[in-house]
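S.K.: Okay, handing you the structure first.
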Amino acid sequence: MRVFRRNLMGVTRPQMAEEVKTNPIHVQIRDVHKSYGDHHVLRGVSLDIYRGKTNLVIGPSGSGKSVLMRQLIRLEKPDSGEIWVNGVDFARLAGLDLAARRRTFGMVFQMSALFDSMTVFDNVAFPLREHTDLPRKEIRARVMDRLEGLGIAEASHKMPAELSGGMQKRVAVARAMILESEILIYDEPTTGLDPITTEMVDDLIAEAEEMFGVTSVVISHDMASVVRIADYLNFLHEGQIAASGTPKQLLHTDHPATAEFIRASRITLD
Amino acid sequence: MTGAAPTASSAPEKLGKVRSAARDAGQWLAKLLLAPFAEIGALTKLFAEAIFWGIRPPYRVRLFVESMEFVGIGSVFLVSLTALFVGAVLALQLVDGFRDFGAENQTGAVIGLALAREVGPVFAALMVTSRAGSAMTTELGSMRVTNQIDALVTMAVNPVQYLVVPRVVAGFVMLPVLTMLFNVVGVFGAFSVAVFFLGLDPGVFMDRLQWLVDWDDVSQGLIKAMVFGVAVTLIACRQGFFAKGGAAGVGRATNRAVVHSAIAILMLDYLVTSMVLGEGLF
């Protein structure tokens, strides 16, 4: 009998593959607005996040990428609009309902946001200790397995302050992946990393998609990474999605701001 | 004729500027006057959230123990040192004052009463504010500006339950313990100075103290300590939890936490004393 690996959300790979076929859009964002005082940052953002794919949101600095991410994961409540995830409008959720559904998402912050009072091991083990009843041995095995996969097992006893920026980022990725959430969000995951570590993080994102069928949302302006990992691209410009499509479609777009952004990054699909 | 036009148009312009300045000044004044109420509102909301999340599982025993150790055990040396010198100086002042009219045998009684009712809880709370409260604000503020609190939220861990509740409970439980420590060490300091340096009879000192100070006096101080414990930890957590503006913002938040806590301790001291004594507020 074939035994399929079941992730912590209780879903097997064949189930996920079936879901990708029948319900390809994982998140629907519709007409989301967000203002801070007089500053209208998001001006009616609408986009689809595809299930089991790597979806990128790109755009110049100050275009509202991180603000969009904060609405998506409900760190902030949008002023108006809808965010549909698995048939539930996240924009309307509040209190305990919202808390109960947060595990749908995992998040890698731009500056890693590791708990500086905990060791690397404890940082990665934290979500498992909080949300599962796994025995101590099993938690240790899973954490070390994940750290070994990322090449940072020897740093498991170190504090985050003792690590380089690249290592911190890898620990943050390990922590976000450990619960095997359905959707992983990466906020500028390769900013400030050397080319080798950047490639390693890109591979991780691709691996998460391949191994666990995770839906990835990557906020980035690193166009080299974009071309390497993106299945779908969304260009955010002045608080709205100006262009969407596959990398190939966007590299040949005639939308002026998108074309200018891509031209300035000197990227080709070759 | 050509010179009249600019004069005519500048008059309404000037009036507009004056009105705008007056409006700005009014808004600034209103903000200034309303700020304490806004702060009390924010604290009340955080306190209500702390109660809501405090009674809900999971109960993270390790965090409670760590917070109590930090607030309580970590403050033992500072509180003891302060108490020793406060007791000693009280003895110096009172013996010197009472000798003028031959009442120095009442020194033990007055010192015991002052320590149990007022000096113990107020000084212990001020010491906890300066040591533990400021550290709490800095820690939570740093967590806020480096997205660690956001990270907790994204991992479906309520940050009030995880960060605020253990600290407030630690303040509530440990400040009465520290107050009792302050009382004991304060009496020891006063006794040492009064008896060994100023020649008071040790039997009279202790007899007068036991004659005047009873359980009601001690419990009054302990009630105050519980109130202060909640207030100083809540203020420290509130300032850190909502800190913004990077490292400088965390510094400002820490400064505000210490100032607000000191003011709150003295105001609450009056409030609780008037309630306990049944004398009314004013």
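Chains: A, B, ... in order of the structure tokens. Residues: from 1 per chain. Ligands: from 1, in order shown.
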Could you give me, as a VMD selection string, each residue of range 57-156 of chain A that DSSP assigns to helix (DSSP H, G or I) when run on this structure's backbone?

M.R.: chain A and resid 65 to 72 90 to 92 95 to 104 120 to 131 136 to 149 153 to 155

S.K.: For chain A, work out the contacting residues on chain B at 9 Å, counting only C-alpha atoms, and write them as number ranges by chain.

M.R.: B: 58, 143, 146-151, 153-158

S.K.: Tell me which protein, DNA and RNA residues are within 10 Å of Met200 in chain A, counting only C-alpha atoms, leaving out same-chain ones fewer than 6 positions away, and put them as a ChimeraX atom specification.

M.R.: /A:150-151,166,170,190,194,206

S.K.: I'd like the interatomic distance between CA of Tyr36 in chain A and CA of Asp222 in chain A, to a tenth of an Å.

M.R.: 26.7 Å

S.K.: Fewer than 6 positions away in the same chain doesn't count, so skip those; otherwise give me all residues within 9 Å of Ser80 in chain B, counting only C-alpha atoms, as number ranges by chain.

M.R.: B: 178, 181-182, 184-186

S.K.: Kindly export the residues of the current selection with C-alpha atoms, as a PDB file, in the first residue's frame.

M.R.:
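Listed below is the output, out_2.pdb:
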ATOM      1  CA  LEU B 178       9.191  42.675  47.621  1.00  0.00           C
ATOM      2  CA  LEU B 181      11.134  42.293  52.089  1.00  0.00           C
ATOM      3  CA  PHE B 182      11.425  46.095  52.071  1.00  0.00           C
ATOM      4  CA  VAL B 184      11.768  43.696  57.087  1.00  0.00           C
ATOM      5  CA  VAL B 185      15.083  45.091  55.800  1.00  0.00           C
ATOM      6  CA  GLY B 186      13.901  48.671  56.470  1.00  0.00           C
TER       7      GLY B 186
END

S.K.: Please identify all polymer residues within 10 Å of Asp217 in chain B, counting only C-alpha atoms, omitting same-chain residues fewer than 5 positions from it, and present them as a PDB file with N, CA and C atoms, in the first residue's frame.

M.R.:
ATOM      1  N   GLY B 112       7.894  51.678  61.839  1.00  0.00           N
ATOM      2  CA  GLY B 112       7.131  50.482  61.452  1.00  0.00           C
ATOM      3  C   GLY B 112       5.868  50.850  60.702  1.00  0.00           C
ATOM      4  N   LEU B 113       5.161  51.855  61.232  1.00  0.00           N
ATOM      5  CA  LEU B 113       3.903  52.284  60.613  1.00  0.00           C
ATOM      6  C   LEU B 113       4.163  52.879  59.225  1.00  0.00           C
ATOM      7  N   ALA B 114       5.184  53.745  59.135  1.00  0.00           N
ATOM      8  CA  ALA B 114       5.495  54.400  57.852  1.00  0.00           C
ATOM      9  C   ALA B 114       5.909  53.380  56.809  1.00  0.00           C
ATOM     10  N   LEU B 115       6.756  52.431  57.219  1.00  0.00           N
ATOM     11  CA  LEU B 115       7.210  51.413  56.262  1.00  0.00           C
ATOM     12  C   LEU B 115       6.053  50.539  55.796  1.00  0.00           C
ATOM     13  N   ALA B 116       5.261  50.061  56.736  1.00  0.00           N
ATOM     14  CA  ALA B 116       4.186  49.121  56.382  1.00  0.00           C
ATOM     15  C   ALA B 116       3.131  49.763  55.496  1.00  0.00           C
ATOM     16  N   ARG B 117       2.757  51.004  55.819  1.00  0.00           N
ATOM     17  CA  ARG B 117       1.645  51.619  55.086  1.00  0.00           C
ATOM     18  C   ARG B 117       2.068  52.313  53.796  1.00  0.00           C
ATOM     19  N   GLU B 118       3.188  53.026  53.824  1.00  0.00           N
ATOM     20  CA  GLU B 118       3.534  53.901  52.692  1.00  0.00           C
ATOM     21  C   GLU B 118       4.885  53.626  52.051  1.00  0.00           C
ATOM     22  N   LEU B 212       2.217  49.374  68.008  1.00  0.00           N
ATOM     23  CA  LEU B 212       1.464  50.253  67.103  1.00  0.00           C
ATOM     24  C   LEU B 212       1.118  49.599  65.766  1.00  0.00           C
ATOM     25  N   LEU B 222       0.199  45.907  51.495  1.00  0.00           N
ATOM     26  CA  LEU B 222       0.206  44.818  50.508  1.00  0.00           C
ATOM     27  C   LEU B 222      -0.830  45.047  49.408  1.00  0.00           C
TER      28      LEU B 222
END

S.K.: Need the shell around range 228-236 of chain B: protein/DNA/RNA residues with any atom at most 10 Å away, counting only C-alpha atoms. Skip same-chain ones fewer than 5 positions apart. Format as a PDB file with N, CA and C atoms, in the first residue's frame?

M.R.:
ATOM      1  N   GLU B  39      -4.337  58.044  27.142  1.00  0.00           N
ATOM      2  CA  GLU B  39      -3.386  57.086  27.713  1.00  0.00           C
ATOM      3  C   GLU B  39      -4.105  56.126  28.671  1.00  0.00           C
ATOM      4  N   ILE B  40      -4.988  56.700  29.495  1.00  0.00           N
ATOM      5  CA  ILE B  40      -5.746  55.846  30.434  1.00  0.00           C
ATOM      6  C   ILE B  40      -6.632  54.879  29.639  1.00  0.00           C
ATOM      7  N   ALA B  42      -6.035  53.683  26.614  1.00  0.00           N
ATOM      8  CA  ALA B  42      -5.173  52.647  26.014  1.00  0.00           C
ATOM      9  C   ALA B  42      -4.776  51.611  27.066  1.00  0.00           C
ATOM     10  N   LEU B  43      -4.475  52.093  28.278  1.00  0.00           N
ATOM     11  CA  LEU B  43      -4.090  51.170  29.357  1.00  0.00           C
ATOM     12  C   LEU B  43      -5.262  50.278  29.762  1.00  0.00           C
ATOM     13  N   THR B  44      -6.453  50.879  29.836  1.00  0.00           N
ATOM     14  CA  THR B  44      -7.642  50.116  30.223  1.00  0.00           C
ATOM     15  C   THR B  44      -7.913  49.024  29.188  1.00  0.00           C
ATOM     16  N   LEU B  46      -5.743  47.607  27.165  1.00  0.00           N
ATOM     17  CA  LEU B  46      -4.717  46.569  27.265  1.00  0.00           C
ATOM     18  C   LEU B  46      -4.958  45.686  28.490  1.00  0.00           C
ATOM     19  N   PHE B  47      -5.406  46.307  29.586  1.00  0.00           N
ATOM     20  CA  PHE B  47      -5.695  45.553  30.810  1.00  0.00           C
ATOM     21  C   PHE B  47      -6.844  44.563  30.566  1.00  0.00           C
ATOM     22  N   ALA B  50      -5.582  41.798  28.563  1.00  0.00           N
ATOM     23  CA  ALA B  50      -4.728  40.917  29.385  1.00  0.00           C
ATOM     24  C   ALA B  50      -5.598  39.980  30.229  1.00  0.00           C
ATOM     25  N   VAL B  71      11.138  39.852  37.730  1.00  0.00           N
ATOM     26  CA  VAL B  71      10.591  40.975  38.517  1.00  0.00           C
ATOM     27  C   VAL B  71      10.959  40.821  39.991  1.00  0.00           C
ATOM     28  N   PRO B 121       5.602  49.869  50.157  1.00  0.00           N
ATOM     29  CA  PRO B 121       5.036  49.643  48.812  1.00  0.00           C
ATOM     30  C   PRO B 121       5.472  50.678  47.779  1.00  0.00           C
ATOM     31  N   VAL B 122       5.565  51.960  48.180  1.00  0.00           N
ATOM     32  CA  VAL B 122       5.921  53.004  47.200  1.00  0.00           C
ATOM     33  C   VAL B 122       7.354  52.841  46.734  1.00  0.00           C
ATOM     34  N   ALA B 124       9.295  50.133  46.929  1.00  0.00           N
ATOM     35  CA  ALA B 124       9.472  48.862  46.207  1.00  0.00           C
ATOM     36  C   ALA B 124       8.972  49.010  44.772  1.00  0.00           C
ATOM     37  N   ALA B 125       7.816  49.688  44.615  1.00  0.00           N
ATOM     38  CA  ALA B 125       7.258  49.878  43.266  1.00  0.00           C
ATOM     39  C   ALA B 125       8.173  50.761  42.416  1.00  0.00           C
ATOM     40  N   LEU B 126       8.726  51.806  43.033  1.00  0.00           N
ATOM     41  CA  LEU B 126       9.631  52.680  42.273  1.00  0.00           C
ATOM     42  C   LEU B 126      10.897  51.928  41.848  1.00  0.00           C
ATOM     43  N   VAL B 128      11.121  48.632  41.359  1.00  0.00           N
ATOM     44  CA  VAL B 128      10.737  47.680  40.297  1.00  0.00           C
ATOM     45  C   VAL B 128      10.563  48.420  38.972  1.00  0.00           C
ATOM     46  N   THR B 129      10.000  49.631  39.037  1.00  0.00           N
ATOM     47  CA  THR B 129       9.851  50.425  37.811  1.00  0.00           C
ATOM     48  C   THR B 129      11.207  50.713  37.191  1.00  0.00           C
ATOM     49  N   SER B 130      12.140  51.159  38.031  1.00  0.00           N
ATOM     50  CA  SER B 130      13.433  51.580  37.476  1.00  0.00           C
ATOM     51  C   SER B 130      14.246  50.396  36.965  1.00  0.00           C
ATOM     52  N   ALA B 132      12.973  46.683  36.574  1.00  0.00           N
ATOM     53  CA  ALA B 132      12.262  45.716  35.725  1.00  0.00           C
ATOM     54  C   ALA B 132      11.366  46.401  34.685  1.00  0.00           C
ATOM     55  N   GLY B 133      10.681  47.475  35.098  1.00  0.00           N
ATOM     56  CA  GLY B 133       9.751  48.153  34.182  1.00  0.00           C
ATOM     57  C   GLY B 133      10.458  48.700  32.957  1.00  0.00           C
ATOM     58  N   SER B 134      11.572  49.383  33.195  1.00  0.00           N
ATOM     59  CA  SER B 134      12.302  49.959  32.063  1.00  0.00           C
ATOM     60  C   SER B 134      12.834  48.855  31.141  1.00  0.00           C
ATOM     61  N   ALA B 135      13.290  47.745  31.743  1.00  0.00           N
ATOM     62  CA  ALA B 135      13.797  46.631  30.925  1.00  0.00           C
ATOM     63  C   ALA B 135      12.675  45.999  30.102  1.00  0.00           C
ATOM     64  N   MET B 136      11.484  45.902  30.707  1.00  0.00           N
ATOM     65  CA  MET B 136      10.335  45.342  29.972  1.00  0.00           C
ATOM     66  C   MET B 136      10.010  46.202  28.752  1.00  0.00           C
ATOM     67  N   THR B 137       9.970  47.518  28.964  1.00  0.00           N
ATOM     68  CA  THR B 137       9.641  48.414  27.848  1.00  0.00           C
ATOM     69  C   THR B 137      10.678  48.290  26.747  1.00  0.00           C
ATOM     70  N   THR B 138      11.940  48.261  27.132  1.00  0.00           N
ATOM     71  CA  THR B 138      13.002  48.152  26.126  1.00  0.00           C
ATOM     72  C   THR B 138      12.892  46.841  25.357  1.00  0.00           C
ATOM     73  N   GLU B 139      12.643  45.755  26.084  1.00  0.00           N
ATOM     74  CA  GLU B 139      12.574  44.443  25.425  1.00  0.00           C
ATOM     75  C   GLU B 139      11.391  44.376  24.455  1.00  0.00           C
ATOM     76  N   LEU B 140      10.210  44.783  24.950  1.00  0.00           N
ATOM     77  CA  LEU B 140       9.027  44.729  24.088  1.00  0.00           C
ATOM     78  C   LEU B 140       9.120  45.734  22.939  1.00  0.00           C
ATOM     79  N   GLY B 141       9.699  46.906  23.239  1.00  0.00           N
ATOM     80  CA  GLY B 141       9.874  47.922  22.193  1.00  0.00           C
ATOM     81  C   GLY B 141      10.786  47.424  21.086  1.00  0.00           C
ATOM     82  N   VAL B 164       2.431  40.060  27.521  1.00  0.00           N
ATOM     83  CA  VAL B 164       1.939  41.002  28.539  1.00  0.00           C
ATOM     84  C   VAL B 164       1.444  40.266  29.791  1.00  0.00           C
ATOM     85  N   VAL B 165       0.635  39.222  29.581  1.00  0.00           N
ATOM     86  CA  VAL B 165       0.006  38.546  30.737  1.00  0.00           C
ATOM     87  C   VAL B 165       1.041  38.050  31.763  1.00  0.00           C
ATOM     88  N   PRO B 166       2.092  37.326  31.353  1.00  0.00           N
ATOM     89  CA  PRO B 166       3.046  36.853  32.373  1.00  0.00           C
ATOM     90  C   PRO B 166       3.699  37.991  33.155  1.00  0.00           C
ATOM     91  N   ARG B 167       3.965  39.097  32.470  1.00  0.00           N
ATOM     92  CA  ARG B 167       4.635  40.221  33.134  1.00  0.00           C
ATOM     93  C   ARG B 167       3.702  40.910  34.134  1.00  0.00           C
ATOM     94  N   VAL B 168       2.437  41.081  33.763  1.00  0.00           N
ATOM     95  CA  VAL B 168       1.491  41.737  34.662  1.00  0.00           C
ATOM     96  C   VAL B 168       1.222  40.845  35.884  1.00  0.00           C
ATOM     97  N   VAL B 169       1.083  39.549  35.640  1.00  0.00           N
ATOM     98  CA  VAL B 169       0.867  38.617  36.762  1.00  0.00           C
ATOM     99  C   VAL B 169       2.086  38.637  37.687  1.00  0.00           C
ATOM    100  N   ALA B 170       3.273  38.685  37.093  1.00  0.00           N
ATOM    101  CA  ALA B 170       4.506  38.728  37.908  1.00  0.00           C
ATOM    102  C   ALA B 170       4.526  39.981  38.782  1.00  0.00           C
ATOM    103  N   GLY B 171       4.115  41.113  38.228  1.00  0.00           N
ATOM    104  CA  GLY B 171       4.051  42.347  39.016  1.00  0.00           C
ATOM    105  C   GLY B 171       3.062  42.227  40.159  1.00  0.00           C
ATOM    106  N   PHE B 172       1.893  41.658  39.846  1.00  0.00           N
ATOM    107  CA  PHE B 172       0.824  41.502  40.842  1.00  0.00           C
ATOM    108  C   PHE B 172       1.260  40.599  41.998  1.00  0.00           C
ATOM    109  N   VAL B 173       1.989  39.530  41.664  1.00  0.00           N
ATOM    110  CA  VAL B 173       2.374  38.558  42.701  1.00  0.00           C
ATOM    111  C   VAL B 173       3.644  38.997  43.433  1.00  0.00           C
ATOM    112  N   MET B 174       4.634  39.487  42.693  1.00  0.00           N
ATOM    113  CA  MET B 174       5.947  39.697  43.293  1.00  0.00           C
ATOM    114  C   MET B 174       6.095  41.025  44.032  1.00  0.00           C
ATOM    115  N   LEU B 175       5.324  42.031  43.655  1.00  0.00           N
ATOM    116  CA  LEU B 175       5.512  43.316  44.347  1.00  0.00           C
ATOM    117  C   LEU B 175       5.120  43.251  45.830  1.00  0.00           C
ATOM    118  N   PRO B 176       4.030  42.561  46.199  1.00  0.00           N
ATOM    119  CA  PRO B 176       3.769  42.396  47.640  1.00  0.00           C
ATOM    120  C   PRO B 176       4.906  41.665  48.360  1.00  0.00           C
ATOM    121  N   LEU B 222       0.199  45.907  51.495  1.00  0.00           N
ATOM    122  CA  LEU B 222       0.206  44.818  50.508  1.00  0.00           C
ATOM    123  C   LEU B 222      -0.830  45.047  49.408  1.00  0.00           C
ATOM    124  N   ILE B 223      -1.987  45.608  49.799  1.00  0.00           N
ATOM    125  CA  ILE B 223      -3.009  45.941  48.784  1.00  0.00           C
ATOM    126  C   ILE B 223      -2.434  46.965  47.804  1.00  0.00           C
ATOM    127  N   PHE B 241       5.004  47.748  23.930  1.00  0.00           N
ATOM    128  CA  PHE B 241       4.171  47.039  22.961  1.00  0.00           C
ATOM    129  C   PHE B 241       3.811  47.923  21.766  1.00  0.00           C
ATOM    130  N   ALA B 253      10.099  55.567  24.480  1.00  0.00           N
ATOM    131  CA  ALA B 253       9.071  54.752  25.135  1.00  0.00           C
ATOM    132  C   ALA B 253       9.514  54.367  26.548  1.00  0.00           C
ATOM    133  N   THR B 254      10.795  54.012  26.692  1.00  0.00           N
ATOM    134  CA  THR B 254      11.329  53.635  28.009  1.00  0.00           C
ATOM    135  C   THR B 254      11.267  54.822  28.963  1.00  0.00           C
ATOM    136  N   ASN B 255      11.642  55.978  28.439  1.00  0.00           N
ATOM    137  CA  ASN B 255      11.585  57.193  29.250  1.00  0.00           C
ATOM    138  C   ASN B 255      10.151  57.468  29.721  1.00  0.00           C
ATOM    139  N   ARG B 256       9.198  57.364  28.798  1.00  0.00           N
ATOM    140  CA  ARG B 256       7.786  57.595  29.139  1.00  0.00           C
ATOM    141  C   ARG B 256       7.311  56.579  30.168  1.00  0.00           C
ATOM    142  N   ALA B 257       7.742  55.310  29.994  1.00  0.00           N
ATOM    143  CA  ALA B 257       7.287  54.254  30.906  1.00  0.00           C
ATOM    144  C   ALA B 257       7.696  54.564  32.340  1.00  0.00           C
ATOM    145  N   VAL B 258       8.934  55.014  32.526  1.00  0.00           N
ATOM    146  CA  VAL B 258       9.429  55.283  33.881  1.00  0.00           C
ATOM    147  C   VAL B 258       8.698  56.494  34.478  1.00  0.00           C
ATOM    148  N   VAL B 259       8.545  57.554  33.675  1.00  0.00           N
ATOM    149  CA  VAL B 259       7.872  58.765  34.168  1.00  0.00           C
ATOM    150  C   VAL B 259       6.406  58.468  34.495  1.00  0.00           C
ATOM    151  N   HIS B 260       5.710  57.821  33.548  1.00  0.00           N
ATOM    152  CA  HIS B 260       4.285  57.510  33.767  1.00  0.00           C
ATOM    153  C   HIS B 260       4.102  56.611  34.984  1.00  0.00           C
ATOM    154  N   SER B 261       4.995  55.630  35.133  1.00  0.00           N
ATOM    155  CA  SER B 261       4.870  54.699  36.264  1.00  0.00           C
ATOM    156  C   SER B 261       5.049  55.432  37.586  1.00  0.00           C
ATOM    157  N   ALA B 262       6.044  56.318  37.649  1.00  0.00           N
ATOM    158  CA  ALA B 262       6.297  57.051  38.904  1.00  0.00           C
ATOM    159  C   ALA B 262       5.085  57.906  39.262  1.00  0.00           C
ATOM    160  N   ALA B 264       1.994  57.404  38.239  1.00  0.00           N
ATOM    161  CA  ALA B 264       0.867  56.506  38.549  1.00  0.00           C
ATOM    162  C   ALA B 264       0.984  55.960  39.968  1.00  0.00           C
ATOM    163  N   ILE B 265       2.205  55.616  40.384  1.00  0.00           N
ATOM    164  CA  ILE B 265       2.392  55.069  41.741  1.00  0.00           C
ATOM    165  C   ILE B 265       1.923  56.082  42.782  1.00  0.00           C
ATOM    166  N   LEU B 266       2.339  57.332  42.622  1.00  0.00           N
ATOM    167  CA  LEU B 266       1.992  58.346  43.633  1.00  0.00           C
ATOM    168  C   LEU B 266       0.495  58.688  43.605  1.00  0.00           C
ATOM    169  N   LEU B 268      -1.967  56.651  42.485  1.00  0.00           N
ATOM    170  CA  LEU B 268      -2.703  55.479  42.977  1.00  0.00           C
ATOM    171  C   LEU B 268      -2.528  55.324  44.485  1.00  0.00           C
ATOM    172  N   ASP B 269      -1.364  55.736  44.997  1.00  0.00           N
ATOM    173  CA  ASP B 269      -1.116  55.666  46.440  1.00  0.00           C
ATOM    174  C   ASP B 269      -2.171  56.500  47.183  1.00  0.00           C
TER     175      ASP B 269
END

S.K.: Record the distance separating CA of Asn55 in chain A and CA of His255 in chain A, expressed in Å with one decimal.

M.R.: 19.4 Å

S.K.: Quick one: everything within 7 Å of range 241-249 of chain A, counting only C-alpha atoms, minus sequence neighbours fewer than 2 positions away in the same chain. Send it as a list of chain:residue names.

M.R.: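 Non-adjacent residues within range: A:Val45, A:Ser46, A:Val227, A:Ala230, A:Asp231, A:Tyr232, A:Leu233, A:Asn234, A:Phe235, A:Leu236, A:His237, A:Leu251, A:His252, A:Thr253.
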
S.K.: Could those selected residues go to a file with C-alpha atoms, as an mmCIF file, in the first residue's frame?

M.R.:
data_model
loop_
_atom_site.group_PDB
_atom_site.id
_atom_site.type_symbol
_atom_site.label_atom_id
_atom_site.label_comp_id
_atom_site.auth_asym_id
_atom_site.auth_seq_id
_atom_site.Cartn_x
_atom_site.Cartn_y
_atom_site.Cartn_z
ATOM 1 C CA VAL A 45 -5.572 46.270 -5.478
ATOM 2 C CA SER A 46 -7.042 43.172 -7.154
ATOM 3 C CA VAL A 227 13.042 35.334 -13.250
ATOM 4 C CA ALA A 230 8.330 33.097 -10.502
ATOM 5 C CA ASP A 231 5.386 31.213 -11.931
ATOM 6 C CA TYR A 232 3.222 34.341 -11.895
ATOM 7 C CA LEU A 233 4.188 38.000 -11.661
ATOM 8 C CA ASN A 234 2.171 40.990 -10.492
ATOM 9 C CA PHE A 235 3.539 44.493 -10.930
ATOM 10 C CA LEU A 236 2.359 46.921 -8.258
ATOM 11 C CA HIS A 237 2.486 50.541 -9.302
ATOM 12 C CA LEU A 251 8.909 40.787 -19.899
ATOM 13 C CA HIS A 252 7.131 41.668 -23.132
ATOM 14 C CA THR A 253 4.475 43.907 -21.648
#

S.K.: Between B:Ile111, B:Leu152, B:Val276, B:Ala25, which residue has the minimum interatomic distance to Gly221 in chain B, considering only C-alpha atoms?

M.R.: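 When distances to Gly221 in chain B are compared using only C-alpha atoms, the smallest one comes from B:Val276.
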
S.K.: Measure the distance from CA of Lys158 in chain A to CA of Val143 in chain A in Å and round it to one decimal.

M.R.: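 Going from CA of Lys158 in chain A over to CA of Val143 in chain A, I get 14.2 Å.
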
S.K.: Calculated over only C-alpha atoms, which of the candidates B:Cys237, B:Met180, B:Ala48, B:Ala109 has the smallest distance to Met206 in chain B?

M.R.: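 With only C-alpha atoms as the atom set, the closest residue is B:Ala109.
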
S.K.: Tell me, which residues of range 48-90 of chain A carry DSSP strand (DSSP E or B), written as a ChimeraX atom specification?

M.R.: /A:48-50,54-58,80-85,88-89

S.K.: Just C-alpha atoms for this one: save the residues we selected as a PDB file, in the first residue's frame.

M.R.:
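Result written to out.pdb:
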ATOM      1  CA  ASP A  48      -5.186  36.256  -7.885  1.00  0.00           C
ATOM      2  CA  ILE A  49      -2.684  34.053  -6.047  1.00  0.00           C
ATOM      3  CA  TYR A  50      -2.368  30.645  -7.763  1.00  0.00           C
ATOM      4  CA  THR A  54       5.251  30.862  -6.763  1.00  0.00           C
ATOM      5  CA  ASN A  55       3.472  34.193  -7.122  1.00  0.00           C
ATOM      6  CA  LEU A  56       5.570  37.338  -7.079  1.00  0.00           C
ATOM      7  CA  VAL A  57       4.556  40.881  -6.356  1.00  0.00           C
ATOM      8  CA  ILE A  58       7.146  43.262  -7.722  1.00  0.00           C
ATOM      9  CA  SER A  80     -12.147  48.208   2.271  1.00  0.00           C
ATOM     10  CA  GLY A  81     -12.010  45.278  -0.137  1.00  0.00           C
ATOM     11  CA  GLU A  82     -12.028  41.500   0.074  1.00  0.00           C
ATOM     12  CA  ILE A  83      -9.340  38.839   0.603  1.00  0.00           C
ATOM     13  CA  TRP A  84     -10.799  35.393  -0.105  1.00  0.00           C
ATOM     14  CA  VAL A  85      -8.826  32.378   1.135  1.00  0.00           C
ATOM     15  CA  VAL A  88     -13.379  32.784   3.726  1.00  0.00           C
ATOM     16  CA  ASP A  89     -13.036  36.559   3.462  1.00  0.00           C
TER      17      ASP A  89
END
